[in-house]
Amino acid sequence: MNIFVGRQPILDPEENIFGYELLYRNSERNTFPTIDPDSATIELIVNTFLSIGASEVAEERTVFINFTGSLLSQDIFESLD
């Protein structure tokens, strides 16, 4: 089973990598596919934290994940480190 997670570096003022914005991907093609945004975010969280490991994806840096308004209202993000 292939697991895909995109990451975009977030730079500090000196252009050093501060962290990464994690991006949902479901193939080697680097685009956001047609998928429900809530499902994409949940799959991204599962792939990052349960399958791959956040430290593997982000090299011990801070990770940022975009949440939809509906997921924010469900408080699922409070269970994440």
# chains A, B, ... in the order shown; residues from 1 in each chain; ligands from 1
>>> residues_around(residues="Phe4 (chain A)", least_positions_apart="2", cutoff="12 Å", atoms="only C-alpha atoms", output="mmCIF file with N, CA, C and O atoms, in the first residue's frame")
data_model
loop_
_atom_site.group_PDB
_atom_site.id
_atom_site.type_symbol
_atom_site.label_atom_id
_atom_site.label_comp_id
_atom_site.auth_asym_id
_atom_site.auth_seq_id
_atom_site.Cartn_x
_atom_site.Cartn_y
_atom_site.Cartn_z
ATOM 1 N N MET A 1 0.844 -1.182 0.000
ATOM 2 C CA MET A 1 0.000 0.000 0.000
ATOM 3 C C MET A 1 0.884 1.238 0.000
ATOM 4 O O MET A 1 1.773 1.383 0.820
ATOM 5 N N ASN A 2 0.657 2.132 -0.942
ATOM 6 C CA ASN A 2 1.403 3.381 -1.008
ATOM 7 C C ASN A 2 0.681 4.459 -0.221
ATOM 8 O O ASN A 2 -0.531 4.585 -0.307
ATOM 9 N N GLY A 6 2.133 15.268 1.056
ATOM 10 C CA GLY A 6 2.944 16.364 0.546
ATOM 11 C C GLY A 6 3.365 17.256 1.698
ATOM 12 O O GLY A 6 2.704 17.307 2.736
ATOM 13 N N ARG A 7 4.470 17.925 1.530
ATOM 14 C CA ARG A 7 4.878 18.895 2.549
ATOM 15 C C ARG A 7 5.472 20.110 1.859
ATOM 16 O O ARG A 7 6.199 20.007 0.882
ATOM 17 N N LEU A 22 1.546 20.381 5.846
ATOM 18 C CA LEU A 22 1.302 19.071 5.274
ATOM 19 C C LEU A 22 0.117 19.141 4.331
ATOM 20 O O LEU A 22 -0.873 19.812 4.600
ATOM 21 N N LEU A 23 0.232 18.449 3.223
ATOM 22 C CA LEU A 23 -0.752 18.515 2.158
ATOM 23 C C LEU A 23 -1.254 17.120 1.808
ATOM 24 O O LEU A 23 -0.454 16.189 1.667
ATOM 25 N N TYR A 24 -2.552 16.965 1.655
ATOM 26 C CA TYR A 24 -3.113 15.681 1.269
ATOM 27 C C TYR A 24 -2.730 15.366 -0.170
ATOM 28 O O TYR A 24 -2.871 16.190 -1.063
ATOM 29 N N ARG A 25 -2.240 14.164 -0.376
ATOM 30 C CA ARG A 25 -1.964 13.638 -1.707
ATOM 31 C C ARG A 25 -2.360 12.168 -1.714
ATOM 32 O O ARG A 25 -2.248 11.488 -0.694
ATOM 33 N N ASN A 26 -2.803 11.668 -2.872
ATOM 34 C CA ASN A 26 -3.171 10.255 -2.947
ATOM 35 C C ASN A 26 -2.451 9.527 -4.081
ATOM 36 O O ASN A 26 -2.799 8.408 -4.429
ATOM 37 N N SER A 27 -1.443 10.187 -4.660
ATOM 38 C CA SER A 27 -0.646 9.570 -5.720
ATOM 39 C C SER A 27 0.655 10.355 -5.859
ATOM 40 O O SER A 27 0.865 11.352 -5.169
ATOM 41 N N GLU A 28 1.497 9.884 -6.754
ATOM 42 C CA GLU A 28 2.753 10.601 -7.014
ATOM 43 C C GLU A 28 2.512 11.920 -7.737
ATOM 44 O O GLU A 28 3.393 12.773 -7.780
ATOM 45 N N ARG A 29 1.345 12.105 -8.255
ATOM 46 C CA ARG A 29 0.991 13.364 -8.912
ATOM 47 C C ARG A 29 0.805 14.430 -7.832
ATOM 48 O O ARG A 29 0.019 14.252 -6.905
ATOM 49 N N ASN A 30 1.500 15.519 -7.936
ATOM 50 C CA ASN A 30 1.525 16.532 -6.881
ATOM 51 C C ASN A 30 0.383 17.537 -7.038
ATOM 52 O O ASN A 30 0.605 18.727 -7.251
ATOM 53 N N THR A 31 -0.848 17.024 -6.925
ATOM 54 C CA THR A 31 -2.027 17.883 -7.005
ATOM 55 C C THR A 31 -3.055 17.408 -5.988
ATOM 56 O O THR A 31 -3.032 16.256 -5.564
ATOM 57 N N PHE A 32 -3.935 18.319 -5.625
ATOM 58 C CA PHE A 32 -5.034 17.953 -4.730
ATOM 59 C C PHE A 32 -6.126 17.333 -5.582
ATOM 60 O O PHE A 32 -6.658 17.977 -6.478
ATOM 61 N N ALA A 40 -10.149 14.372 3.194
ATOM 62 C CA ALA A 40 -8.729 14.552 2.882
ATOM 63 C C ALA A 40 -7.936 14.884 4.144
ATOM 64 O O ALA A 40 -6.856 14.326 4.374
ATOM 65 N N GLU A 43 -7.697 11.775 6.384
ATOM 66 C CA GLU A 43 -6.753 10.804 5.818
ATOM 67 C C GLU A 43 -5.314 11.298 5.974
ATOM 68 O O GLU A 43 -4.406 10.516 6.256
ATOM 69 N N LEU A 44 -5.103 12.597 5.799
ATOM 70 C CA LEU A 44 -3.771 13.172 6.004
ATOM 71 C C LEU A 44 -3.296 12.948 7.428
ATOM 72 O O LEU A 44 -2.148 12.551 7.666
ATOM 73 N N ILE A 45 -4.162 13.175 8.390
ATOM 74 C CA ILE A 45 -3.803 12.975 9.803
ATOM 75 C C ILE A 45 -3.477 11.508 10.065
ATOM 76 O O ILE A 45 -2.456 11.194 10.691
ATOM 77 N N VAL A 46 -4.303 10.618 9.574
ATOM 78 C CA VAL A 46 -4.058 9.180 9.765
ATOM 79 C C VAL A 46 -2.735 8.778 9.123
ATOM 80 O O VAL A 46 -1.903 8.103 9.743
ATOM 81 N N ASN A 47 -2.521 9.203 7.874
ATOM 82 C CA ASN A 47 -1.283 8.841 7.186
ATOM 83 C C ASN A 47 -0.052 9.399 7.886
ATOM 84 O O ASN A 47 0.966 8.725 8.018
ATOM 85 N N THR A 48 -0.154 10.624 8.359
ATOM 86 C CA THR A 48 1.000 11.275 8.982
ATOM 87 C C THR A 48 1.289 10.733 10.367
ATOM 88 O O THR A 48 2.425 10.365 10.671
ATOM 89 N N SER A 51 0.458 6.138 10.311
ATOM 90 C CA SER A 51 1.128 5.254 9.357
ATOM 91 C C SER A 51 2.621 5.574 9.200
ATOM 92 O O SER A 51 3.461 4.708 9.383
ATOM 93 N N ILE A 52 2.936 6.795 8.863
ATOM 94 C CA ILE A 52 4.318 7.174 8.594
ATOM 95 C C ILE A 52 5.020 7.638 9.857
ATOM 96 O O ILE A 52 6.132 7.216 10.145
ATOM 97 N N VAL A 57 7.980 12.519 8.636
ATOM 98 C CA VAL A 57 7.510 13.447 7.615
ATOM 99 C C VAL A 57 8.132 14.834 7.791
ATOM 100 O O VAL A 57 8.527 15.476 6.830
#
>>> residues_around(residues="Pro9 (chain A)", least_positions_apart="4", cutoff="9 Å", atoms="only C-alpha atoms", output="PyMOL selection string")
chain A and resi 17-22
>>> select_by_dssp(residues="region 6-81 of chain A", states="strand (DSSP E)", output="list in words")
Gly6, Arg7, Gln8, Pro9, Ile10, Leu11, Ile17, Phe18, Gly19, Tyr20, Glu21, Leu22, Leu23, Tyr24, Thr62, Val63, Phe64 and Ile65 of chain A
>>> write_last_selection(atoms="N, CA and C atoms", output="mmCIF file, in the first residue's frame")
data_model
loop_
_atom_site.group_PDB
_atom_site.id
_atom_site.type_symbol
_atom_site.label_atom_id
_atom_site.label_comp_id
_atom_site.auth_asym_id
_atom_site.auth_seq_id
_atom_site.Cartn_x
_atom_site.Cartn_y
_atom_site.Cartn_z
ATOM 1 N N GLY A 6 2.133 15.268 1.056
ATOM 2 C CA GLY A 6 2.944 16.364 0.546
ATOM 3 C C GLY A 6 3.365 17.256 1.698
ATOM 4 N N ARG A 7 4.470 17.925 1.530
ATOM 5 C CA ARG A 7 4.878 18.895 2.549
ATOM 6 C C ARG A 7 5.472 20.110 1.859
ATOM 7 N N GLN A 8 5.108 21.254 2.371
ATOM 8 C CA GLN A 8 5.589 22.527 1.841
ATOM 9 C C GLN A 8 6.332 23.224 2.952
ATOM 10 N N PRO A 9 7.594 23.600 2.723
ATOM 11 C CA PRO A 9 8.343 24.238 3.806
ATOM 12 C C PRO A 9 7.794 25.618 4.157
ATOM 13 N N ILE A 10 7.841 25.924 5.443
ATOM 14 C CA ILE A 10 7.515 27.254 5.955
ATOM 15 C C ILE A 10 8.835 27.821 6.467
ATOM 16 N N LEU A 11 9.223 28.953 5.928
ATOM 17 C CA LEU A 11 10.533 29.526 6.229
ATOM 18 C C LEU A 11 10.441 30.640 7.258
ATOM 19 N N ILE A 17 14.218 26.563 7.348
ATOM 20 C CA ILE A 17 12.953 25.853 7.470
ATOM 21 C C ILE A 17 12.505 25.861 8.927
ATOM 22 N N PHE A 18 11.346 26.462 9.167
ATOM 23 C CA PHE A 18 10.740 26.497 10.494
ATOM 24 C C PHE A 18 9.860 25.272 10.712
ATOM 25 N N GLY A 19 9.112 24.908 9.691
ATOM 26 C CA GLY A 19 8.189 23.784 9.782
ATOM 27 C C GLY A 19 7.678 23.446 8.402
ATOM 28 N N TYR A 20 6.650 22.599 8.377
ATOM 29 C CA TYR A 20 6.072 22.188 7.105
ATOM 30 C C TYR A 20 4.553 22.248 7.169
ATOM 31 N N GLU A 21 3.951 22.750 6.101
ATOM 32 C CA GLU A 21 2.517 22.594 5.926
ATOM 33 C C GLU A 21 2.328 21.242 5.251
ATOM 34 N N LEU A 22 1.546 20.381 5.846
ATOM 35 C CA LEU A 22 1.302 19.071 5.274
ATOM 36 C C LEU A 22 0.117 19.141 4.331
ATOM 37 N N LEU A 23 0.232 18.449 3.223
ATOM 38 C CA LEU A 23 -0.752 18.515 2.158
ATOM 39 C C LEU A 23 -1.254 17.120 1.808
ATOM 40 N N TYR A 24 -2.552 16.965 1.655
ATOM 41 C CA TYR A 24 -3.113 15.681 1.269
ATOM 42 C C TYR A 24 -2.730 15.366 -0.170
ATOM 43 N N THR A 62 7.963 21.588 13.343
ATOM 44 C CA THR A 62 6.544 21.823 13.562
ATOM 45 C C THR A 62 5.775 21.524 12.280
ATOM 46 N N VAL A 63 4.614 20.895 12.421
ATOM 47 C CA VAL A 63 3.769 20.650 11.253
ATOM 48 C C VAL A 63 2.498 21.483 11.357
ATOM 49 N N PHE A 64 2.009 21.893 10.207
ATOM 50 C CA PHE A 64 0.784 22.670 10.098
ATOM 51 C C PHE A 64 -0.152 21.925 9.163
ATOM 52 N N ILE A 65 -1.412 21.850 9.555
ATOM 53 C CA ILE A 65 -2.423 21.181 8.751
ATOM 54 C C ILE A 65 -3.624 22.108 8.644
#
>>> atom_distance(atom1="CA of Ala54 (chain A)", atom2="CA of Thr41 (chain A)")
14.5 Å
>>> residues_around(residues="region 68-75 of chain A", least_positions_apart="6", cutoff="9 Å", atoms="only C-alpha atoms", output="number ranges by chain")
A: 37-38, 41-42
>>> atom_distance(atom1="CA of Glu59 (chain A)", atom2="CA of Ser39 (chain A)")
25.1 Å
>>> atom_distance(atom1="CA of Phe49 (chain A)", atom2="CA of Glu15 (chain A)")
26.7 Å
